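Peer 1: So here's my_file00.cif, just mmCIF, C-alpha atoms and all ligand atoms:
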```cif
data_protein
loop_
_atom_site.label_atom_id
_atom_site.label_comp_id
_atom_site.auth_asym_id
_atom_site.auth_seq_id
_atom_site.Cartn_x
_atom_site.Cartn_y
_atom_site.Cartn_z
CA MET A 1 -33.93 -27.58 3.53
CA GLN A 2 -32.36 -30.02 1.08
CA ILE A 3 -28.85 -30.11 -0.29
CA SER A 4 -30.25 -28.99 -3.67
CA ASN A 5 -30.99 -25.62 -2.06
CA PHE A 6 -27.24 -24.96 -1.97
CA PRO A 7 -26.16 -24.57 -5.62
CA VAL A 8 -22.50 -24.32 -4.64
CA LEU A 9 -22.68 -27.79 -3.09
CA GLN A 10 -24.38 -29.16 -6.17
CA MET A 11 -21.60 -27.72 -8.27
CA HIS A 12 -18.96 -29.54 -6.29
CA LYS A 13 -20.71 -32.89 -5.93
CA SER A 14 -19.03 -34.11 -9.09
CA GLN A 15 -15.62 -33.04 -7.86
CA THR A 16 -15.35 -35.35 -4.89
CA ALA A 17 -12.48 -37.14 -6.57
CA MET A 18 -10.28 -34.16 -5.61
CA ARG A 19 -10.07 -34.72 -1.88
CA ALA A 20 -8.96 -31.84 0.40
CA SER A 21 -6.29 -32.87 2.88
CA GLN A 22 -6.68 -32.14 6.58
CA LYS A 23 -3.96 -29.48 6.10
CA ASP A 24 -5.96 -27.77 3.30
CA PHE A 25 -9.01 -27.82 5.53
CA GLU A 26 -7.17 -26.33 8.51
CA SER A 27 -5.61 -23.64 6.36
CA ALA A 28 -9.06 -22.77 4.92
CA VAL A 29 -10.37 -22.46 8.49
CA ASN A 30 -7.49 -20.07 9.27
CA GLN A 31 -8.03 -18.15 6.04
CA MET A 32 -11.63 -17.49 7.09
CA LYS A 33 -10.33 -15.72 10.18
CA LEU A 34 -8.32 -13.36 7.95
CA LEU A 35 -11.22 -12.45 5.70
CA THR A 36 -11.83 -8.73 6.24
CA LYS A 37 -15.01 -8.37 4.15
CA ASP A 38 -18.15 -9.84 5.73
CA PRO A 39 -19.29 -12.54 3.26
CA GLY A 40 -22.94 -12.13 4.30
CA ASN A 41 -25.24 -14.31 6.42
CA GLU A 42 -26.17 -16.78 3.70
CA MET A 43 -22.54 -17.58 2.97
CA LYS A 44 -21.69 -17.75 6.67
CA LEU A 45 -24.47 -20.31 7.19
CA LYS A 46 -23.16 -22.45 4.33
CA LEU A 47 -19.67 -22.33 5.77
CA TYR A 48 -20.93 -23.13 9.26
CA ALA A 49 -22.90 -26.14 8.02
CA LEU A 50 -19.97 -27.50 6.02
CA TYR A 51 -17.59 -27.00 8.92
CA LYS A 52 -19.89 -28.88 11.31
CA GLN A 53 -20.47 -31.66 8.79
CA ALA A 54 -16.72 -31.93 8.12
CA THR A 55 -15.76 -32.06 11.78
CA GLU A 56 -18.78 -33.79 13.46
CA GLY A 57 -20.65 -35.55 10.66
CA PRO A 58 -24.44 -35.40 10.12
CA CYS A 59 -26.46 -33.20 12.44
CA ASN A 60 -28.02 -35.16 15.32
CA MET A 61 -28.63 -32.21 17.65
CA PRO A 62 -32.17 -31.54 18.86
CA LYS A 63 -33.95 -28.89 16.80
CA PRO A 64 -33.79 -25.46 18.57
CA GLY A 65 -37.04 -23.71 19.51
CA MET A 66 -38.80 -21.50 16.92
CA LEU A 67 -37.83 -18.31 18.81
CA ASP A 68 -34.14 -19.07 18.85
CA LEU A 69 -33.80 -17.79 15.27
CA ILE A 70 -30.02 -17.88 14.89
CA SER A 71 -29.57 -21.39 16.32
CA LYS A 72 -32.48 -22.60 14.21
CA ALA A 73 -31.01 -21.16 10.99
CA LYS A 74 -27.71 -22.87 11.78
CA TRP A 75 -29.41 -26.16 12.61
CA ASP A 76 -31.43 -26.00 9.37
CA ALA A 77 -28.30 -25.36 7.30
CA TRP A 78 -26.42 -28.25 8.92
CA SER A 79 -29.34 -30.67 8.77
CA ALA A 80 -29.80 -29.86 5.08
CA LEU A 81 -26.48 -31.53 4.39
CA GLY A 82 -28.09 -34.86 5.32
CA SER A 83 -25.56 -37.68 5.15
CA LEU A 84 -22.97 -35.80 3.07
CA PRO A 85 -19.64 -37.57 3.83
CA LYS A 86 -17.19 -35.69 6.05
CA GLU A 87 -14.51 -35.74 3.33
CA THR A 88 -16.86 -34.17 0.77
CA ALA A 89 -17.89 -31.50 3.28
CA LYS A 90 -14.21 -30.71 3.88
CA GLN A 91 -13.58 -30.43 0.14
CA ASN A 92 -16.61 -28.18 -0.36
CA TYR A 93 -15.55 -26.00 2.57
CA VAL A 94 -12.03 -25.57 1.16
CA GLU A 95 -13.35 -24.64 -2.28
CA LEU A 96 -15.90 -22.22 -0.91
CA VAL A 97 -13.27 -20.41 1.19
CA SER A 98 -10.92 -20.34 -1.77
CA SER A 99 -13.57 -18.74 -4.01
CA LEU A 100 -14.22 -16.12 -1.32
CA SER A 101 -10.53 -15.29 -0.84
CA SER A 102 -9.80 -15.05 -4.53
CA SER A 103 -12.68 -12.67 -5.16
CA ALA A 104 -11.47 -10.59 -2.20
CA SER A 105 -7.85 -10.54 -3.38
CA SER A 106 -8.73 -9.77 -7.00
CA SER A 107 -10.43 -6.61 -5.79
CA GLN A 108 -7.46 -5.63 -3.62
CA GLY A 109 -4.91 -4.14 -6.04
CA LYS A 110 -7.57 -3.26 -8.60
CA PRO A 111 -10.03 -0.58 -7.59
CA ASP A 112 -13.54 -0.96 -8.90
CA ALA A 113 -14.19 1.48 -11.73
CA ASP A 114 -16.80 3.41 -9.73
CA SER A 115 -14.37 4.25 -6.95
CA LYS A 116 -11.75 5.83 -9.26
CA GLN A 117 -11.69 9.58 -8.75
CA PRO A 118 -11.70 11.75 -11.89
CA GLY A 119 -9.43 14.72 -12.57
CA TYR A 120 -5.99 13.13 -12.24
CA GLU A 121 -3.79 12.47 -15.28
CA THR A 122 -0.68 11.11 -13.60
CA LEU A 123 -2.28 9.28 -10.68
CA VAL A 124 -5.02 6.76 -10.07
CA VAL A 125 -6.85 7.80 -6.91
CA THR A 126 -9.47 5.52 -5.40
CA SER A 127 -11.41 5.52 -2.19
CA GLU A 128 -13.05 2.36 -0.89
CA ASN A 129 -13.32 0.32 2.31
CA GLY A 130 -12.11 3.30 4.37
CA ILE A 131 -8.86 3.53 2.39
CA THR A 132 -7.86 6.27 -0.05
CA LYS A 133 -5.20 4.93 -2.37
CA ILE A 134 -3.01 7.32 -4.37
CA MET A 135 -1.18 5.36 -7.06
CA LEU A 136 1.63 6.95 -9.09
CA ASN A 137 0.73 6.07 -12.65
CA ARG A 138 3.65 6.56 -15.07
CA PRO A 139 4.86 2.97 -15.12
CA THR A 140 6.75 3.34 -18.41
CA LYS A 141 8.84 6.11 -16.81
CA LYS A 142 9.25 4.19 -13.55
CA ASN A 143 6.79 6.64 -11.97
CA ALA A 144 9.28 9.54 -12.12
CA ILE A 145 7.56 12.60 -10.64
CA THR A 146 6.84 15.40 -13.12
CA THR A 147 5.87 18.93 -12.11
CA GLN A 148 2.24 18.08 -12.91
CA MET A 149 2.49 14.98 -10.74
CA TYR A 150 3.80 16.98 -7.74
CA GLN A 151 0.73 19.21 -8.11
CA GLU A 152 -1.65 16.28 -8.44
CA ILE A 153 -0.19 14.47 -5.42
CA MET A 154 -0.70 17.63 -3.34
CA LEU A 155 -4.31 17.88 -4.53
CA ALA A 156 -4.92 14.20 -3.81
CA LEU A 157 -3.47 14.51 -0.30
CA GLU A 158 -5.54 17.61 0.37
CA ALA A 159 -8.70 15.75 -0.71
CA ALA A 160 -7.76 12.61 1.23
CA ALA A 161 -7.21 14.67 4.38
CA LYS A 162 -10.85 15.77 4.18
CA ASP A 163 -12.59 12.63 2.86
CA ASP A 164 -14.21 10.01 5.07
CA SER A 165 -11.48 7.41 4.66
CA ALA A 166 -9.60 6.31 7.77
CA ILE A 167 -6.18 5.83 6.20
CA THR A 168 -4.32 6.96 3.07
CA VAL A 169 -1.92 4.88 1.02
CA LEU A 170 0.71 5.93 -1.53
CA THR A 171 1.93 3.29 -3.97
CA GLY A 172 3.24 2.87 -7.52
CA ASN A 173 1.88 1.23 -10.64
CA GLY A 174 4.18 -1.22 -12.45
CA ASP A 175 7.57 -2.58 -11.46
CA TYR A 176 8.84 0.56 -9.71
CA TYR A 177 7.49 2.39 -6.69
CA CYS A 178 9.06 5.61 -7.99
CA SER A 179 12.32 6.71 -9.63
CA GLY A 180 12.25 10.11 -7.91
CA ASN A 181 12.18 13.52 -9.46
CA ASP A 182 11.68 13.44 -13.25
CA LEU A 183 15.00 14.83 -14.44
CA ASN A 184 13.25 16.40 -17.44
CA ASN A 185 11.64 18.83 -14.96
CA PHE A 186 14.85 20.80 -15.20
CA THR A 187 14.69 21.24 -18.96
CA ASP A 188 11.62 23.43 -19.00
CA ILE A 189 13.27 26.84 -18.42
CA PRO A 190 10.94 29.86 -17.94
CA PRO A 191 11.62 33.35 -19.43
CA GLY A 192 13.32 34.38 -16.14
CA GLY A 193 16.04 31.77 -16.82
CA VAL A 194 17.58 29.07 -14.66
CA GLU A 195 17.49 31.21 -11.50
CA GLU A 196 13.74 31.55 -11.77
CA LYS A 197 13.46 27.84 -12.51
CA ALA A 198 15.48 26.97 -9.39
CA LYS A 199 13.43 29.38 -7.28
CA ASN A 200 10.08 27.99 -8.51
CA SER A 201 11.28 24.42 -8.02
CA ALA A 202 12.35 25.17 -4.44
CA ILE A 203 8.90 26.62 -3.69
CA LEU A 204 7.20 23.60 -5.26
CA LEU A 205 9.43 21.23 -3.30
CA ARG A 206 8.80 23.04 0.00
CA ASP A 207 5.01 23.04 -0.52
CA PHE A 208 5.02 19.41 -1.64
CA VAL A 209 6.96 18.12 1.38
CA GLY A 210 4.87 20.41 3.59
CA CYS A 211 1.75 18.42 2.63
CA PHE A 212 3.36 15.25 3.99
CA ILE A 213 4.42 16.98 7.21
CA ASP A 214 0.89 18.27 7.80
CA PHE A 215 -1.08 15.25 6.61
CA PRO A 216 -3.49 14.53 9.46
CA LYS A 217 -4.38 10.85 9.00
CA PRO A 218 -2.30 7.66 9.08
CA LEU A 219 -0.24 7.66 5.89
CA ILE A 220 1.09 4.38 4.58
CA ALA A 221 3.63 3.71 1.83
CA VAL A 222 3.12 0.46 -0.07
CA VAL A 223 6.53 0.21 -1.72
CA ASN A 224 5.88 -2.22 -4.56
CA GLY A 225 9.36 -1.99 -6.15
CA PRO A 226 12.56 0.09 -6.26
CA ALA A 227 12.41 3.61 -4.85
CA VAL A 228 14.79 6.44 -5.71
CA GLY A 229 15.44 10.01 -4.53
CA ILE A 230 12.56 11.98 -3.11
CA SER A 231 10.33 8.89 -2.98
CA VAL A 232 12.79 7.43 -0.44
CA THR A 233 13.46 10.55 1.63
CA LEU A 234 9.73 11.15 2.13
CA LEU A 235 9.35 7.73 3.75
CA GLY A 236 10.59 9.19 7.03
CA LEU A 237 7.34 11.20 7.14
CA PHE A 238 5.04 8.17 6.68
CA ASP A 239 3.48 6.30 9.59
CA ILE A 240 3.97 2.83 8.12
CA VAL A 241 6.20 1.66 5.24
CA TYR A 242 5.47 -1.81 3.84
CA ALA A 243 7.90 -3.04 1.20
CA SER A 244 8.09 -5.89 -1.27
CA ASP A 245 11.34 -7.84 -0.98
CA ARG A 246 12.01 -6.64 -4.55
CA ALA A 247 12.17 -3.01 -3.42
CA THR A 248 15.44 -1.12 -3.05
CA PHE A 249 16.05 2.30 -1.49
CA HIS A 250 18.47 4.65 -3.19
CA THR A 251 19.27 8.34 -2.63
CA PRO A 252 22.08 9.18 -5.08
CA PHE A 253 22.15 12.89 -4.26
CA SER A 254 25.92 13.39 -4.42
CA HIS A 255 26.04 11.56 -7.76
CA LEU A 256 23.53 14.11 -9.03
CA GLY A 257 25.30 17.09 -7.49
CA GLN A 258 22.26 17.56 -5.23
CA SER A 259 21.49 17.37 -1.51
CA PRO A 260 18.84 15.64 0.63
CA GLU A 261 15.20 16.77 0.88
CA GLY A 262 11.94 15.46 2.34
CA CYS A 263 13.24 16.25 5.86
CA SER A 264 15.61 13.29 5.48
CA SER A 265 18.59 15.33 6.73
CA TYR A 266 16.83 15.23 10.10
CA MET A 267 14.59 12.13 9.95
CA PHE A 268 17.14 9.63 8.60
CA PRO A 269 19.77 10.18 11.33
CA LYS A 270 16.93 10.07 13.85
CA ILE A 271 15.57 6.79 12.41
CA MET A 272 18.80 4.93 11.63
CA GLY A 273 21.59 6.80 13.40
CA SER A 274 23.94 9.31 11.79
CA ALA A 275 26.47 6.82 10.41
CA LYS A 276 23.91 4.78 8.46
CA ALA A 277 22.12 7.95 7.34
CA ALA A 278 25.38 9.38 6.03
CA GLU A 279 26.07 6.23 4.01
CA MET A 280 22.72 6.68 2.27
CA LEU A 281 22.43 10.45 1.98
CA ILE A 282 26.07 11.42 1.34
CA PHE A 283 27.48 8.31 -0.33
CA GLY A 284 24.33 7.09 -2.08
CA LYS A 285 24.44 3.54 -0.68
CA LYS A 286 21.50 1.57 -2.06
CA LEU A 287 19.68 -0.52 0.57
CA THR A 288 17.74 -3.72 0.00
CA ALA A 289 14.29 -3.90 1.54
CA ARG A 290 15.60 -6.10 4.35
CA GLU A 291 18.46 -3.67 5.07
CA ALA A 292 16.03 -0.73 5.09
CA CYS A 293 13.83 -2.65 7.51
CA ALA A 294 16.78 -3.41 9.78
CA GLN A 295 17.60 0.35 9.76
CA GLY A 296 14.03 1.22 10.77
CA LEU A 297 13.10 3.00 7.53
CA VAL A 298 10.76 0.16 6.54
CA THR A 299 8.16 -1.28 8.90
CA GLU A 300 7.88 -4.76 7.38
CA VAL A 301 9.04 -6.63 4.27
CA PHE A 302 6.83 -9.14 2.42
CA PRO A 303 7.68 -11.65 -0.32
CA ASP A 304 6.87 -10.07 -3.67
CA SER A 305 4.64 -13.03 -4.63
CA THR A 306 2.21 -12.35 -1.76
CA PHE A 307 2.96 -8.66 -1.21
CA GLN A 308 -0.32 -7.16 -2.47
CA LYS A 309 -2.52 -9.76 -0.82
CA GLU A 310 -0.83 -9.61 2.58
CA VAL A 311 -0.51 -5.83 2.68
CA TRP A 312 -4.09 -5.08 1.63
CA THR A 313 -5.48 -7.64 4.07
CA ARG A 314 -3.56 -5.88 6.83
CA LEU A 315 -4.60 -2.40 5.68
CA LYS A 316 -8.26 -3.35 5.42
CA ALA A 317 -8.17 -4.49 9.03
CA TYR A 318 -6.45 -1.25 10.12
CA SER A 319 -8.95 0.86 8.18
CA LYS A 320 -11.72 -0.46 10.43
CA LEU A 321 -10.14 0.96 13.59
CA PRO A 322 -11.85 4.08 14.98
CA PRO A 323 -10.65 6.86 12.61
CA ASN A 324 -10.72 9.69 15.12
CA ALA A 325 -8.59 7.76 17.58
CA MET A 326 -6.04 7.06 14.84
CA ARG A 327 -5.96 10.71 13.75
CA ILE A 328 -5.53 11.95 17.31
CA SER A 329 -2.72 9.48 18.01
CA LYS A 330 -0.94 10.44 14.79
CA GLN A 331 -1.21 14.11 15.62
CA LEU A 332 0.16 13.58 19.13
CA ILE A 333 3.19 11.90 17.60
CA ARG A 334 3.65 14.46 14.79
CA ASN A 335 2.82 17.71 16.60
CA VAL A 336 5.87 17.50 18.85
CA GLU A 337 8.08 18.14 15.83
CA LYS A 338 5.89 19.79 13.26
CA GLU A 339 7.46 23.25 13.46
CA LYS A 340 10.94 21.79 13.40
CA LEU A 341 10.09 19.69 10.33
CA HIS A 342 8.78 22.76 8.47
CA ALA A 343 11.97 24.66 9.30
CA ILE A 344 14.11 21.75 8.08
CA ASN A 345 12.02 21.48 4.91
CA SER A 346 12.53 25.20 4.16
CA GLU A 347 16.27 24.92 4.73
CA GLU A 348 16.65 21.79 2.57
CA SER A 349 14.63 23.43 -0.25
CA SER A 350 16.71 26.57 -0.12
CA VAL A 351 20.01 24.61 -0.17
CA LEU A 352 18.75 22.64 -3.17
CA GLN A 353 17.85 25.87 -4.96
CA GLY A 354 21.57 26.67 -4.90
CA ARG A 355 22.59 23.13 -5.89
CA TRP A 356 20.37 23.17 -8.98
CA LEU A 357 22.40 26.12 -10.26
CA SER A 358 25.73 24.34 -9.73
CA ASP A 359 27.86 22.81 -12.49
CA GLU A 360 27.93 19.51 -10.60
CA CYS A 361 24.16 19.23 -10.79
CA THR A 362 23.80 20.54 -14.34
CA ASN A 363 26.41 18.06 -15.63
CA ALA A 364 24.80 15.09 -13.84
CA ILE A 365 21.36 15.90 -15.26
CA MET A 366 22.77 16.45 -18.76
CA ASN A 367 24.53 13.09 -18.50
CA PHE A 368 21.32 11.30 -17.58
CA LEU A 369 19.32 13.03 -20.27
CA SER A 370 21.93 12.21 -22.90
CA ARG A 371 21.89 8.64 -21.52
CA LYS A 372 25.55 8.65 -20.55
CA ALA A 373 24.72 7.99 -16.91
CA LYS A 374 22.31 5.78 -15.14
CA LEU A 375 22.23 5.01 -11.46
C1 LIG A 401 10.30 20.39 -8.17
C2 LIG A 401 11.57 19.66 -8.09
C3 LIG A 401 11.71 18.91 -6.82
C4 LIG A 401 12.96 18.13 -6.85
C5 LIG A 401 13.16 17.37 -5.63
C6 LIG A 401 14.50 16.73 -5.56
C7 LIG A 401 14.42 15.32 -5.93
C8 LIG A 401 15.50 14.62 -6.11
C9 LIG A 401 15.47 13.24 -6.59
O1 LIG A 401 14.46 12.54 -6.64
S1 LIG A 401 16.97 12.67 -7.12
C10 LIG A 401 16.63 11.17 -7.95
C11 LIG A 401 16.30 11.41 -9.39
N1 LIG A 401 16.15 10.15 -10.05
C12 LIG A 401 17.11 9.58 -10.76
O2 LIG A 401 18.21 10.09 -10.87
C13 LIG A 401 16.75 8.28 -11.45
C14 LIG A 401 17.13 8.33 -12.91
N2 LIG A 401 16.74 7.08 -13.55
C15 LIG A 401 17.56 5.99 -13.65
O3 LIG A 401 18.70 6.01 -13.23
C16 LIG A 401 17.00 4.77 -14.31
O4 LIG A 401 16.00 5.18 -15.20
C17 LIG A 401 16.42 3.75 -13.31
C18 LIG A 401 17.58 3.12 -12.51
C19 LIG A 401 15.44 4.38 -12.36
C20 LIG A 401 15.71 2.61 -14.07
O5 LIG A 401 16.59 2.06 -15.02
P1 LIG A 401 16.04 0.96 -16.09
O6 LIG A 401 15.34 -0.11 -15.38
O7 LIG A 401 17.18 0.62 -16.95
O8 LIG A 401 14.91 1.74 -16.91
P2 LIG A 401 15.10 2.97 -17.90
O9 LIG A 401 16.25 3.82 -17.49
O10 LIG A 401 15.11 2.48 -19.30
O11 LIG A 401 13.78 3.82 -17.58
C21 LIG A 401 12.59 3.67 -18.32
C22 LIG A 401 12.16 5.03 -18.79
O12 LIG A 401 11.90 5.85 -17.65
C23 LIG A 401 12.68 7.06 -17.73
N3 LIG A 401 13.03 7.48 -16.37
C24 LIG A 401 13.26 6.72 -15.31
N4 LIG A 401 13.53 7.47 -14.23
C25 LIG A 401 13.50 8.75 -14.64
C26 LIG A 401 13.68 9.99 -13.98
N5 LIG A 401 13.95 10.08 -12.68
N6 LIG A 401 13.54 11.12 -14.70
C27 LIG A 401 13.24 11.07 -15.99
N7 LIG A 401 13.03 9.91 -16.69
C28 LIG A 401 13.16 8.77 -16.00
C29 LIG A 401 13.89 6.64 -18.53
O13 LIG A 401 14.49 7.76 -19.06
C30 LIG A 401 13.26 5.75 -19.56
O14 LIG A 401 12.63 6.57 -20.49
P3 LIG A 401 12.68 6.23 -22.07
O15 LIG A 401 12.00 4.91 -22.20
O16 LIG A 401 14.14 6.19 -22.42
O17 LIG A 401 11.96 7.36 -22.72
#
```
Please re-express this file's structure in structure tokens.
Ligand SMILES: CCCCCC/C=C/C(=O)SCCNC(=O)CCNC(=O)[C@H](O)C(C)(C)COP(=O)(O)OP(=O)(O)OC[C@H]1O[C@@H](n2cnc3c(N)ncnc32)[C@H](O)[C@@H]1OP(=O)(O)O

Peer 2:
Amino acid sequence: MQISNFPVLQMHKSQTAMRASQKDFESAVNQMKLLTKDPGNEMKLKLYALYKQATEGPCNMPKPGMLDLISKAKWDAWSALGSLPKETAKQNYVELVSSLSSSASSSQGKPDADSKQPGYETLVVTSENGITKIMLNRPTKKNAITTQMYQEIMLALEAAAKDDSAITVLTGNGDYYCSGNDLNNFTDIPPGGVEEKAKNSAILLRDFVGCFIDFPKPLIAVVNGPAVGISVTLLGLFDIVYASDRATFHTPFSHLGQSPEGCSSYMFPKIMGSAKAAEMLIFGKKLTAREACAQGLVTEVFPDSTFQKEVWTRLKAYSKLPPNAMRISKQLIRNVEKEKLHAINSEESSVLQGRWLSDECTNAIMNFLSRKAKL
């Protein structure tokens, strides 16, 4: 085989002026180890040949026997590089790895059109590589959760629980992860009046949180930006929470005349201790991502510039673990407290039903809607 049989090498022959440093080469070698998608045998042979040429020079090994097919394919690929200089081989290796990683990362945040599931207006739901991703999709409203969105999230979780993906991810589109309950939800009053509205909302809230309590597979929050209200309290029910260092965590319930939900009245003291939980849930202290990580609410914080790439690389690796083992482990952890969590969820929903009818709450919502108050 001649060098001309490798178009990618041809393409780079004219670029030898741009030499790759030893550091670039070593980091490309490390990057290859992180690649989660198999690049295919042809590509692997090209990379093998370039690596050998870059580190050992031209192939002078004896040709393997005809029956040793794998060694022979490798020997052929290396020999085909002839007397290609080591420096050029290094450069070509670095560029080839870079083209592989960029095509992998460009497909990470952006689902391919075929994998997008129809039927959702407020979410983008995709399923690929063993991962079902539920993305809140009202970026212009900071992904505030409308009544329709609560319903769609429940449907998406129900479907994800049954599909063949190994893990499920919740994330947000745009600069926010989620700004919590859409405060306009309270303006749509049914014929039965505000009491009926409060009752229906409490039922919706209880059912919504119930889906998170019962979700059977590993559930991961990819917190791409600030999180407010119910999007924060629910995090205690996730198995992993990855956050960008741009994210903040804010539960301004007292400011809104409301009280905690999402089982946070139990999970937050358990996760971070009662004093820290009180600062968040009673006094509305906003935490940075690093503070939330130090309190145990967040699993790991990543720099915003590499957040998507690092998180999706990690999740793709996790999604290849045996799915049944992951499910069973999750259920062992969750089942100990499932009944208790449902009881807490019912109690929190019923307390909120009363709060929504209070003057404190009504005034706070009116203030926001008339733009007098912002968090
Ligand atoms: C079935 C009911 C279950 C209820 C469960 C109980 C849940 C409780 C909670 O989640 S409490 C938390 C509620 N959330 C808030 O109080 C947040 C309110 N929003 C804000 O304070 C700010 O918008 C902000 C700090 C999130 C962002 O500020 P800023 O960056 O200045 O952007 P804008 O304010 O201009 O926002 C852009 C656009 O989005 C609208 N919006 C944002 N969040 C909400 C929201 N939670 N509800 C309704 N609308 C929201 C905002 O009004 C702007 O809209 P506009 O462009 O003016 O049309």

Peer 1: Residues up to 9 Å from ligand LIG 401 (chain A), counting only C-alpha atoms and all ligand atoms: could you list those as a CSV table (one decimal) with C-alpha atoms, in the frame of the given file?

Peer 2:
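Output file part21.csv is given in full below:
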```csv
chain,number,residue,atom,x,y,z
A,138,ARG,CA,3.6,6.6,-15.1
A,139,PRO,CA,4.9,3.0,-15.1
A,140,THR,CA,6.8,3.3,-18.4
A,141,LYS,CA,8.8,6.1,-16.8
A,142,LYS,CA,9.2,4.2,-13.6
A,143,ASN,CA,6.8,6.6,-12.0
A,144,ALA,CA,9.3,9.5,-12.1
A,145,ILE,CA,7.6,12.6,-10.6
A,146,THR,CA,6.8,15.4,-13.1
A,147,THR,CA,5.9,18.9,-12.1
A,150,TYR,CA,3.8,17.0,-7.7
A,176,TYR,CA,8.8,0.6,-9.7
A,178,CYS,CA,9.1,5.6,-8.0
A,179,SER,CA,12.3,6.7,-9.6
A,180,GLY,CA,12.2,10.1,-7.9
A,181,ASN,CA,12.2,13.5,-9.5
A,182,ASP,CA,11.7,13.4,-13.2
A,183,LEU,CA,15.0,14.8,-14.4
A,184,ASN,CA,13.2,16.4,-17.4
A,185,ASN,CA,11.6,18.8,-15.0
A,186,PHE,CA,14.8,20.8,-15.2
A,198,ALA,CA,15.5,27.0,-9.4
A,200,ASN,CA,10.1,28.0,-8.5
A,201,SER,CA,11.3,24.4,-8.0
A,202,ALA,CA,12.4,25.2,-4.4
A,203,ILE,CA,8.9,26.6,-3.7
A,204,LEU,CA,7.2,23.6,-5.3
A,205,LEU,CA,9.4,21.2,-3.3
A,206,ARG,CA,8.8,23.0,0.0
A,208,PHE,CA,5.0,19.4,-1.6
A,226,PRO,CA,12.6,0.1,-6.3
A,227,ALA,CA,12.4,3.6,-4.8
A,228,VAL,CA,14.8,6.4,-5.7
A,229,GLY,CA,15.4,10.0,-4.5
A,230,ILE,CA,12.6,12.0,-3.1
A,231,SER,CA,10.3,8.9,-3.0
A,232,VAL,CA,12.8,7.4,-0.4
A,233,THR,CA,13.5,10.6,1.6
A,250,HIS,CA,18.5,4.6,-3.2
A,251,THR,CA,19.3,8.3,-2.6
A,252,PRO,CA,22.1,9.2,-5.1
A,253,PHE,CA,22.2,12.9,-4.3
A,255,HIS,CA,26.0,11.6,-7.8
A,256,LEU,CA,23.5,14.1,-9.0
A,258,GLN,CA,22.3,17.6,-5.2
A,259,SER,CA,21.5,17.4,-1.5
A,260,PRO,CA,18.8,15.6,0.6
A,261,GLU,CA,15.2,16.8,0.9
A,262,GLY,CA,11.9,15.5,2.3
A,349,SER,CA,14.6,23.4,-0.2
A,352,LEU,CA,18.8,22.6,-3.2
A,364,ALA,CA,24.8,15.1,-13.8
A,365,ILE,CA,21.4,15.9,-15.3
A,368,PHE,CA,21.3,11.3,-17.6
A,369,LEU,CA,19.3,13.0,-20.3
A,371,ARG,CA,21.9,8.6,-21.5
A,373,ALA,CA,24.7,8.0,-16.9
A,374,LYS,CA,22.3,5.8,-15.1
A,375,LEU,CA,22.2,5.0,-11.5
```

Peer 1: Kindly give the distance, in Å, that separates CA of Gly57 in chain A and CA of Ala89 in chain A, rounded to a single decimal.

Peer 2: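 Those two atoms sit 8.9 Å apart.
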
Peer 1: May I have the residues within 7 Å of range 289-292 of chain A as a PDB file with C-alpha atoms, in the frame of the given file, using only C-alpha atoms and disregarding those fewer than 4 positions away in the same chain?

Peer 2:
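Result file is part.pdb:
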```pdb
ATOM      1  CA  ALA A 243       7.900  -3.040   1.200  1.00  0.00           C
ATOM      2  CA  ASP A 245      11.340  -7.840  -0.980  1.00  0.00           C
ATOM      3  CA  ALA A 247      12.170  -3.010  -3.420  1.00  0.00           C
ATOM      4  CA  THR A 248      15.440  -1.120  -3.050  1.00  0.00           C
ATOM      5  CA  GLY A 296      14.030   1.220  10.770  1.00  0.00           C
ATOM      6  CA  LEU A 297      13.100   3.000   7.530  1.00  0.00           C
ATOM      7  CA  VAL A 298      10.760   0.160   6.540  1.00  0.00           C
ATOM      8  CA  VAL A 301       9.040  -6.630   4.270  1.00  0.00           C
TER       9      VAL A 301
END
```

Peer 1: Report, in Å with one decimal, the straight-line distance from CA of Gly82 in chain A to CA of Ala54 in chain A.

Peer 2: 12.1 Å

Peer 1: Could you jot down the CA of Ile344 in chain A to CA of Tyr266 in chain A separation for me, Å, one decimal place?

Peer 2: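 Atom-to-atom, CA of Ile344 in chain A to CA of Tyr266 in chain A, that is 7.3 Å.
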
Peer 1: So that I can check the surroundings of Trp75 in chain A, please list as a list in words every protein, DNA and RNA residue that reaches within 12 Å of it, counting all atoms listed in the file and ignoring chain neighbours fewer than 3 positions away.

Peer 2: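 The contact residues come out as Met1, Leu45, Lys46, Tyr48, Ala49, Leu50, Lys52, Gln53, Pro58, Cys59, Asn60, Met61, Pro62, Lys63, Pro64, Gly65, Met66, Asp68, Leu69, Ile70, Ser71, Lys72, Trp78, Ser79, Ala80, Leu81 and Gly82 of chain A.
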
Peer 1: Would you list the residues near (-2.1, 4.1, 13.6), meaning any protein, DNA or RNA residue with an atom at most 9 Å from that point in file coordinates, counting only C-alpha atoms, as a compact mmCIF listing (two decimals) with C-alpha atoms, in the coordinates of the input?

Peer 2:
```txt
# COMPACT_ATOMS: atom_id res chain seq x y z
CA ILE A 167 -6.18 5.83 6.20
CA LYS A 217 -4.38 10.85 9.00
CA PRO A 218 -2.30 7.66 9.08
CA LEU A 219 -0.24 7.66 5.89
CA ASP A 239 3.48 6.30 9.59
CA ILE A 240 3.97 2.83 8.12
CA TYR A 318 -6.45 -1.25 10.12
CA LEU A 321 -10.14 0.96 13.59
CA ALA A 325 -8.59 7.76 17.58
CA MET A 326 -6.04 7.06 14.84
CA ARG A 327 -5.96 10.71 13.75
CA SER A 329 -2.72 9.48 18.01
CA LYS A 330 -0.94 10.44 14.79
```
